[in-house]
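Text of the file upload06.txt, holding compact mmCIF, N, CA and C atoms and all ligand atoms:
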# COMPACT_ATOMS: atom_id res chain seq x y z
N MET W 988 113.65 93.99 83.03
CA MET W 988 113.17 93.46 84.31
C MET W 988 113.72 92.06 84.52
N ASP W 989 114.08 91.75 85.70
CA ASP W 989 114.60 90.42 86.03
C ASP W 989 113.46 89.40 86.01
N VAL W 990 113.56 88.44 85.12
CA VAL W 990 112.48 87.47 84.93
C VAL W 990 112.27 86.63 86.20
N ASP W 991 113.33 86.28 86.87
CA ASP W 991 113.20 85.45 88.07
C ASP W 991 112.45 86.18 89.17
N ASP W 992 112.77 87.46 89.35
CA ASP W 992 112.05 88.23 90.36
C ASP W 992 110.59 88.37 89.99
N ASP W 993 110.35 88.65 88.73
CA ASP W 993 108.99 88.85 88.26
C ASP W 993 108.14 87.62 88.51
N ASP W 994 108.79 86.47 88.47
CA ASP W 994 108.07 85.21 88.52
C ASP W 994 107.23 85.01 89.78
N VAL W 995 107.69 85.52 90.91
CA VAL W 995 106.98 85.21 92.15
C VAL W 995 105.89 86.22 92.47
N PHE W 996 105.78 87.27 91.69
CA PHE W 996 104.80 88.29 92.01
C PHE W 996 103.51 88.09 91.24
N GLY W 997 102.45 88.73 91.72
CA GLY W 997 101.15 88.60 91.08
C GLY W 997 101.13 89.28 89.73
N ALA W 998 100.13 88.92 88.96
CA ALA W 998 100.02 89.44 87.60
C ALA W 998 99.63 90.91 87.59
N TYR W 999 99.05 91.40 88.68
CA TYR W 999 98.44 92.72 88.64
C TYR W 999 99.25 93.81 89.32
N CYS W 1000 100.01 93.49 90.35
CA CYS W 1000 100.65 94.59 91.06
C CYS W 1000 102.18 94.48 91.10
N SER W 1001 102.74 93.27 91.02
CA SER W 1001 104.20 93.10 91.07
C SER W 1001 104.82 93.71 92.32
N VAL W 1002 104.05 93.81 93.37
CA VAL W 1002 104.58 94.36 94.63
C VAL W 1002 104.59 93.27 95.69
N GLN W 1003 103.43 92.66 95.89
CA GLN W 1003 103.35 91.61 96.89
C GLN W 1003 103.52 90.25 96.23
N ARG W 1004 103.98 89.31 97.00
CA ARG W 1004 104.17 87.96 96.52
C ARG W 1004 102.82 87.32 96.20
N ALA W 1005 102.75 86.65 95.05
CA ALA W 1005 101.52 85.96 94.67
C ALA W 1005 101.33 84.71 95.52
N LEU W 1006 100.13 84.54 96.04
CA LEU W 1006 99.82 83.37 96.87
C LEU W 1006 98.67 82.55 96.30
N LEU W 1007 97.95 83.12 95.35
CA LEU W 1007 96.75 82.47 94.84
C LEU W 1007 96.81 82.36 93.33
N HIS W 1008 96.03 81.41 92.81
CA HIS W 1008 95.93 81.24 91.37
C HIS W 1008 94.45 81.21 90.99
N CYS W 1009 94.06 82.06 90.05
CA CYS W 1009 92.69 82.06 89.54
C CYS W 1009 92.71 81.50 88.12
N SER W 1010 92.06 80.35 87.93
CA SER W 1010 92.11 79.75 86.59
C SER W 1010 91.25 80.54 85.61
N GLN W 1011 90.19 81.17 86.11
CA GLN W 1011 89.33 81.94 85.20
C GLN W 1011 90.02 83.22 84.71
N HIS W 1012 90.84 83.83 85.56
CA HIS W 1012 91.66 84.95 85.11
C HIS W 1012 92.94 84.43 84.43
N GLY W 1013 93.29 83.20 84.67
CA GLY W 1013 94.56 82.68 84.18
C GLY W 1013 95.73 83.45 84.77
N ALA W 1014 95.61 83.81 86.06
CA ALA W 1014 96.60 84.71 86.65
C ALA W 1014 96.92 84.31 88.09
N ARG W 1015 98.13 84.66 88.48
CA ARG W 1015 98.53 84.56 89.88
C ARG W 1015 98.24 85.89 90.56
N LEU W 1016 97.82 85.82 91.80
CA LEU W 1016 97.40 87.04 92.49
C LEU W 1016 97.97 87.08 93.90
N CYS W 1017 98.37 88.26 94.32
CA CYS W 1017 98.64 88.45 95.75
C CYS W 1017 97.30 88.67 96.44
N LEU W 1018 97.31 88.66 97.76
CA LEU W 1018 96.04 88.74 98.50
C LEU W 1018 95.34 90.07 98.26
N ARG W 1019 96.11 91.13 98.14
CA ARG W 1019 95.51 92.45 97.94
C ARG W 1019 94.83 92.53 96.57
N CYS W 1020 95.52 92.01 95.55
CA CYS W 1020 94.94 92.04 94.21
C CYS W 1020 93.77 91.08 94.09
N ASP W 1021 93.82 89.99 94.84
CA ASP W 1021 92.72 89.04 94.81
C ASP W 1021 91.43 89.74 95.21
N VAL W 1022 91.48 90.48 96.31
CA VAL W 1022 90.30 91.20 96.78
C VAL W 1022 89.86 92.22 95.73
N ARG W 1023 90.85 92.91 95.16
CA ARG W 1023 90.54 93.98 94.21
C ARG W 1023 89.87 93.42 92.94
N VAL W 1024 90.45 92.39 92.34
CA VAL W 1024 89.89 91.93 91.06
C VAL W 1024 88.66 91.06 91.26
N HIS W 1025 88.52 90.44 92.44
CA HIS W 1025 87.38 89.55 92.63
C HIS W 1025 86.21 90.19 93.36
N ALA W 1026 86.36 91.43 93.75
CA ALA W 1026 85.19 92.16 94.27
C ALA W 1026 84.12 92.19 93.18
N ALA W 1027 84.56 92.27 91.92
CA ALA W 1027 83.63 92.33 90.79
C ALA W 1027 83.36 90.94 90.21
N ALA W 1028 84.10 89.95 90.64
CA ALA W 1028 83.94 88.59 90.08
C ALA W 1028 84.08 87.56 91.18
N PRO W 1029 83.20 87.64 92.20
CA PRO W 1029 83.38 86.76 93.36
C PRO W 1029 83.13 85.29 93.06
N GLY W 1030 82.58 84.99 91.89
CA GLY W 1030 82.31 83.58 91.56
C GLY W 1030 83.53 82.82 91.10
N HIS W 1031 84.64 83.52 90.85
CA HIS W 1031 85.84 82.82 90.39
C HIS W 1031 86.38 81.90 91.49
N GLU W 1032 86.77 80.71 91.09
CA GLU W 1032 87.36 79.78 92.05
C GLU W 1032 88.86 79.96 92.04
N ARG W 1033 89.41 80.26 93.22
CA ARG W 1033 90.86 80.43 93.33
C ARG W 1033 91.45 79.31 94.17
N ALA W 1034 92.64 78.94 93.79
CA ALA W 1034 93.37 77.89 94.51
C ALA W 1034 94.66 78.50 95.05
N PRO W 1035 95.18 77.94 96.14
CA PRO W 1035 96.51 78.38 96.59
C PRO W 1035 97.53 78.11 95.49
N LEU W 1036 98.56 78.92 95.43
CA LEU W 1036 99.62 78.75 94.43
C LEU W 1036 100.62 77.71 94.94
N CYS W 1037 101.10 76.87 94.03
CA CYS W 1037 102.11 75.87 94.38
C CYS W 1037 103.38 76.55 94.89
N TYR W 1038 103.83 76.15 96.10
CA TYR W 1038 105.05 76.74 96.66
C TYR W 1038 106.29 76.31 95.89
N GLY W 1039 106.18 75.19 95.18
CA GLY W 1039 107.35 74.64 94.50
C GLY W 1039 107.73 75.44 93.27
N CYS W 1040 106.77 75.63 92.37
CA CYS W 1040 107.08 76.28 91.09
C CYS W 1040 106.51 77.69 91.02
N GLN W 1041 105.64 78.07 91.94
CA GLN W 1041 105.04 79.41 91.94
C GLN W 1041 104.33 79.70 90.62
N ALA W 1042 103.90 78.65 89.93
CA ALA W 1042 103.28 78.88 88.62
C ALA W 1042 101.94 78.18 88.49
N ALA W 1043 101.77 77.06 89.16
CA ALA W 1043 100.56 76.26 88.99
C ALA W 1043 99.74 76.29 90.27
N PRO W 1044 98.43 76.04 90.16
CA PRO W 1044 97.63 75.92 91.38
C PRO W 1044 98.06 74.69 92.18
N ALA W 1045 97.99 74.79 93.50
CA ALA W 1045 98.35 73.65 94.35
C ALA W 1045 97.19 72.66 94.39
N ASP W 1046 97.52 71.39 94.42
CA ASP W 1046 96.51 70.35 94.53
C ASP W 1046 96.41 69.79 95.94
N GLU W 1047 97.49 69.92 96.70
CA GLU W 1047 97.49 69.31 98.02
C GLU W 1047 98.44 70.05 98.95
N HIS W 1048 98.21 69.83 100.24
CA HIS W 1048 99.11 70.37 101.25
C HIS W 1048 99.88 69.21 101.85
N CYS W 1049 101.20 69.31 101.84
CA CYS W 1049 102.04 68.27 102.41
C CYS W 1049 102.40 68.65 103.84
N GLY W 1050 101.96 67.84 104.78
CA GLY W 1050 102.24 68.12 106.18
C GLY W 1050 103.71 67.95 106.53
N ASP W 1051 104.41 67.04 105.83
CA ASP W 1051 105.84 66.82 106.09
C ASP W 1051 106.66 68.03 105.65
N LEU W 1052 106.32 68.59 104.50
CA LEU W 1052 107.07 69.74 103.98
C LEU W 1052 106.45 71.06 104.42
N GLN W 1053 105.25 71.01 105.02
CA GLN W 1053 104.53 72.23 105.37
C GLN W 1053 104.41 73.13 104.14
N ALA W 1054 103.98 72.54 103.03
CA ALA W 1054 103.91 73.30 101.78
C ALA W 1054 102.72 72.86 100.96
N LEU W 1055 102.15 73.83 100.25
CA LEU W 1055 101.10 73.55 99.27
C LEU W 1055 101.78 73.30 97.93
N LEU W 1056 101.42 72.19 97.29
CA LEU W 1056 102.12 71.81 96.07
C LEU W 1056 101.14 71.32 95.01
N GLY W 1057 101.45 71.63 93.75
CA GLY W 1057 100.75 71.03 92.63
C GLY W 1057 101.21 69.59 92.46
N ALA W 1058 100.45 68.81 91.73
CA ALA W 1058 100.76 67.38 91.60
C ALA W 1058 102.18 67.13 91.05
N PRO W 1059 102.62 67.84 90.00
CA PRO W 1059 103.97 67.54 89.49
C PRO W 1059 105.06 67.86 90.51
N CYS W 1060 104.92 68.97 91.24
CA CYS W 1060 105.93 69.33 92.24
C CYS W 1060 105.88 68.38 93.42
N ALA W 1061 104.67 67.93 93.79
CA ALA W 1061 104.56 66.96 94.89
C ALA W 1061 105.25 65.66 94.52
N ARG W 1062 105.11 65.26 93.27
CA ARG W 1062 105.79 64.05 92.81
C ARG W 1062 107.29 64.21 92.91
N LEU W 1063 107.79 65.36 92.43
CA LEU W 1063 109.23 65.63 92.49
C LEU W 1063 109.74 65.61 93.92
N ALA W 1064 108.92 66.09 94.85
CA ALA W 1064 109.34 66.19 96.25
C ALA W 1064 109.16 64.86 96.99
N GLY W 1065 108.65 63.86 96.31
CA GLY W 1065 108.47 62.55 96.95
C GLY W 1065 107.31 62.51 97.91
N CYS W 1066 106.29 63.30 97.65
CA CYS W 1066 105.19 63.44 98.60
C CYS W 1066 104.26 62.24 98.70
N GLU W 1067 104.41 61.26 97.82
CA GLU W 1067 103.52 60.10 97.94
C GLU W 1067 103.74 59.38 99.27
N HIS W 1068 104.90 59.62 99.90
CA HIS W 1068 105.17 58.99 101.21
C HIS W 1068 104.87 59.92 102.37
N HIS W 1069 104.35 61.10 102.08
CA HIS W 1069 104.13 62.10 103.14
C HIS W 1069 102.66 62.16 103.53
N THR W 1070 102.39 62.83 104.63
CA THR W 1070 101.03 63.05 105.08
C THR W 1070 100.45 64.24 104.35
N ARG W 1071 99.40 64.03 103.59
CA ARG W 1071 98.87 65.11 102.76
C ARG W 1071 97.37 65.28 102.96
N ARG W 1072 96.91 66.48 102.67
CA ARG W 1072 95.48 66.71 102.56
C ARG W 1072 95.24 67.51 101.29
N PRO W 1073 94.04 67.43 100.72
CA PRO W 1073 93.79 68.18 99.49
C PRO W 1073 93.86 69.69 99.75
N ALA W 1074 94.36 70.43 98.78
CA ALA W 1074 94.34 71.89 98.88
C ALA W 1074 92.90 72.36 98.73
N ARG W 1075 92.59 73.46 99.39
CA ARG W 1075 91.22 73.98 99.34
C ARG W 1075 91.14 75.15 98.37
N ALA W 1076 90.26 75.05 97.42
CA ALA W 1076 89.95 76.20 96.57
C ALA W 1076 88.79 76.96 97.22
N PHE W 1077 88.61 78.19 96.83
CA PHE W 1077 87.53 78.98 97.43
C PHE W 1077 86.99 79.98 96.42
N THR W 1078 85.79 80.47 96.71
CA THR W 1078 85.20 81.55 95.91
C THR W 1078 84.81 82.66 96.87
N GLY W 1079 84.36 83.78 96.32
CA GLY W 1079 83.95 84.91 97.15
C GLY W 1079 85.16 85.63 97.71
N ILE W 1080 84.93 86.43 98.74
CA ILE W 1080 86.00 87.18 99.38
C ILE W 1080 86.09 86.67 100.82
N PRO W 1081 87.00 85.73 101.09
CA PRO W 1081 87.07 85.15 102.43
C PRO W 1081 87.63 86.13 103.46
N GLU W 1082 87.23 85.91 104.70
CA GLU W 1082 87.81 86.65 105.82
C GLU W 1082 89.29 86.27 105.94
N PRO W 1083 90.11 87.17 106.48
CA PRO W 1083 91.53 86.83 106.67
C PRO W 1083 91.75 85.55 107.47
N ALA W 1084 90.90 85.32 108.49
CA ALA W 1084 91.05 84.10 109.29
C ALA W 1084 90.77 82.86 108.47
N GLU W 1085 89.80 82.99 107.58
CA GLU W 1085 89.47 81.88 106.69
C GLU W 1085 90.64 81.61 105.73
N LEU W 1086 91.22 82.67 105.20
CA LEU W 1086 92.35 82.52 104.28
C LEU W 1086 93.53 81.83 104.97
N THR W 1087 93.73 82.14 106.24
CA THR W 1087 94.83 81.54 106.97
C THR W 1087 94.70 80.03 107.02
N ARG W 1088 93.46 79.56 107.04
CA ARG W 1088 93.27 78.10 107.07
C ARG W 1088 93.48 77.50 105.69
N ILE W 1089 93.31 78.29 104.65
CA ILE W 1089 93.46 77.78 103.28
C ILE W 1089 94.92 77.78 102.86
N LEU W 1090 95.64 78.85 103.25
CA LEU W 1090 97.00 79.02 102.75
C LEU W 1090 98.04 78.44 103.70
ZN ZN O 1 89.47 85.49 88.79
ZN ZN O 2 104.43 73.41 91.30
ZN ZN O 3 105.72 66.00 100.89
Show me this structure written as structure tokens.
Amino acid sequence: MDVDDDDVFGAYCSVQRALLHCSQHGARLCLRCDVRVHAAAPGHERAPLCYGCQAAPADEHCGDLQALLGAPCARLAGCEHHTRRPARAFTGIPEPAELTRIL
């Protein structure tokens, strides 16, 4: 399997692109798998996945780059000079409209 391709997909399905990170599962999840695995564990706190490395949870959203980034990637991108807001983590199973505001 191509490691680079594998990298952007969720831990559970490898079909859809991973957009979320669950620290309690220690896994990246696509939206479909998020609903599936967290129907039984809605208390897990999930964070958006960093757009930069696709490996770490995002800490902030950079308005200049229109990207959610973890602290190390934000530093690399020079985000200290950009307009930022904190990334939002969530629990439960959010409505699609709610997710749109988070991601
Ligand atoms: Zn979880
Ligand atoms: Zn990153
Ligand atoms: Zn930035």
| query | Quick one: residues within 12 Å of Arg1088 (chain W), only C-alpha atoms counted, chain neighbours fewer than 3 positions away excluded, as a ChimeraX atom specification? | reply | /W:1035,1048,1055,1074-1077,1081-1085
Go through chain W and flag each residue having an atom no more than 6 Å from ligand ZN 2 (chain O); for those, report the closest pair of atoms plus their distance in Å to one decimal, using only N, CA and C atoms and all ligand atoms, ordered by chain and rising number, as JSON lines.
{"residue": "W:Cys1037", "atom": "CA", "partner": "O:ZN2", "partner_atom": "ZN", "distance": 4.6}
{"residue": "W:Tyr1038", "atom": "N", "partner": "O:ZN2", "partner_atom": "ZN", "distance": 5.6}
{"residue": "W:Gly1039", "atom": "C", "partner": "O:ZN2", "partner_atom": "ZN", "distance": 4.3}
{"residue": "W:Cys1040", "atom": "N", "partner": "O:ZN2", "partner_atom": "ZN", "distance": 3.4}
{"residue": "W:Gln1041", "atom": "N", "partner": "O:ZN2", "partner_atom": "ZN", "distance": 4.9}
{"residue": "W:Ala1042", "atom": "N", "partner": "O:ZN2", "partner_atom": "ZN", "distance": 5.4}
{"residue": "W:Ala1043", "atom": "N", "partner": "O:ZN2", "partner_atom": "ZN", "distance": 5.0}
{"residue": "W:Leu1056", "atom": "C", "partner": "O:ZN2", "partner_atom": "ZN", "distance": 5.4}
{"residue": "W:Gly1057", "atom": "N", "partner": "O:ZN2", "partner_atom": "ZN", "distance": 4.2}
{"residue": "W:Pro1059", "atom": "C", "partner": "O:ZN2", "partner_atom": "ZN", "distance": 5.6}
{"residue": "W:Cys1060", "atom": "CA", "partner": "O:ZN2", "partner_atom": "ZN", "distance": 4.4}
| request: With only N, CA and C atoms and all ligand atoms counted, collect every polymer residue having an atom within 6 Å of ligand ZN 3 (chain O); state the result as a ChimeraX atom specification. | output: /W:1049-1052,1064-1067,1069-1070
Resulting file, chosen residues, N, CA and C atoms, as a PDB file, in the frame of the given file:
ATOM      1  N   CYS W1049     101.200  69.310 101.840  1.00  0.00           N
ATOM      2  CA  CYS W1049     102.040  68.270 102.410  1.00  0.00           C
ATOM      3  C   CYS W1049     102.400  68.650 103.840  1.00  0.00           C
ATOM      4  N   GLY W1050     101.960  67.840 104.780  1.00  0.00           N
ATOM      5  CA  GLY W1050     102.240  68.120 106.180  1.00  0.00           C
ATOM      6  C   GLY W1050     103.710  67.950 106.530  1.00  0.00           C
ATOM      7  N   ASP W1051     104.410  67.040 105.830  1.00  0.00           N
ATOM      8  CA  ASP W1051     105.840  66.820 106.090  1.00  0.00           C
ATOM      9  C   ASP W1051     106.660  68.030 105.650  1.00  0.00           C
ATOM     10  N   LEU W1052     106.320  68.590 104.500  1.00  0.00           N
ATOM     11  CA  LEU W1052     107.070  69.740 103.980  1.00  0.00           C
ATOM     12  C   LEU W1052     106.450  71.060 104.420  1.00  0.00           C
ATOM     13  N   ALA W1064     108.920  66.090  94.850  1.00  0.00           N
ATOM     14  CA  ALA W1064     109.340  66.190  96.250  1.00  0.00           C
ATOM     15  C   ALA W1064     109.160  64.860  96.990  1.00  0.00           C
ATOM     16  N   GLY W1065     108.650  63.860  96.310  1.00  0.00           N
ATOM     17  CA  GLY W1065     108.470  62.550  96.950  1.00  0.00           C
ATOM     18  C   GLY W1065     107.310  62.510  97.910  1.00  0.00           C
ATOM     19  N   CYS W1066     106.290  63.300  97.650  1.00  0.00           N
ATOM     20  CA  CYS W1066     105.190  63.440  98.600  1.00  0.00           C
ATOM     21  C   CYS W1066     104.260  62.240  98.700  1.00  0.00           C
ATOM     22  N   GLU W1067     104.410  61.260  97.820  1.00  0.00           N
ATOM     23  CA  GLU W1067     103.520  60.100  97.940  1.00  0.00           C
ATOM     24  C   GLU W1067     103.740  59.380  99.270  1.00  0.00           C
ATOM     25  N   HIS W1069     104.350  61.100 102.080  1.00  0.00           N
ATOM     26  CA  HIS W1069     104.130  62.100 103.140  1.00  0.00           C
ATOM     27  C   HIS W1069     102.660  62.160 103.530  1.00  0.00           C
ATOM     28  N   THR W1070     102.390  62.830 104.630  1.00  0.00           N
ATOM     29  CA  THR W1070     101.030  63.050 105.080  1.00  0.00           C
ATOM     30  C   THR W1070     100.450  64.240 104.350  1.00  0.00           C
TER      31      THR W1070
END
| field | Surroundings of ligand ZN 1 (chain O) up to 6 Å, based on only N, CA and C atoms and all ligand atoms, as a PyMOL selection string | value | chain W and resi 1009-1012+1025+1031-1032
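Nearest residue to Leu1006 (chain W), choosing from W:Cys1020, W:Ile1089, W:Leu1036, W:Ala1028 and counting only C-alpha atoms: W:Leu1036.
Minimum atom-to-atom distances from W:His1008, W:Arg1033, W:Arg1019, W:Arg1071 to Ala1054 (chain W) were compared using only C-alpha atoms, and the lowest value belongs to W:Arg1071.
Atom to atom, CA of Leu1018 (chain W) and CA of Leu1086 (chain W) stand 9.3 Å apart.
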| field | d(atom N of Cys1000 (chain W), atom N of Ala1027 (chain W)) in Å | value | 15.6 Å
| query | What separation in Å, quoted to one decimal, exists between atom N of Ala1061 (chain W) and atom C of Glu1047 (chain W)? | reply |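 Interatomic distance here is 8.4 Å.
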| said: Considering only alpha helix (DSSP H) as DSSP defines it on the backbone, what residues of chain W qualify? List them as a list in words. | reply: Val990, Asp991, Asp992, Asp993, Asp994, Leu1018, Arg1019, Cys1020, Asp1021, Val1022, Arg1023, Val1024, His1025, Ala1058, Pro1059, Cys1060, Ala1061, Arg1062, Leu1063, Pro1083, Ala1084, Glu1085, Leu1086, Thr1087, Arg1088 and Ile1089 of chain W
| task | Identify, with DSSP run on backbone atoms, the residues in region 988-1089 of chain W assigned to strand (DSSP E), and express the list as a PyMOL selection string. | result | chain W and resi 1007-1009+1014-1016+1033-1035+1047-1049+1054-1056+1071-1073
Give the padded box for region 1051-1064 of chain W as lines of an AutoDock Vina configuration file: axis-aligned, covering all atoms listed in the file, 6 Å on each side, centre and edge lengths in Å to one decimal.
center_x = 105.1
center_y = 68.9
center_z = 97.8
size_x = 21.3
size_y = 21.8
size_z = 28.6
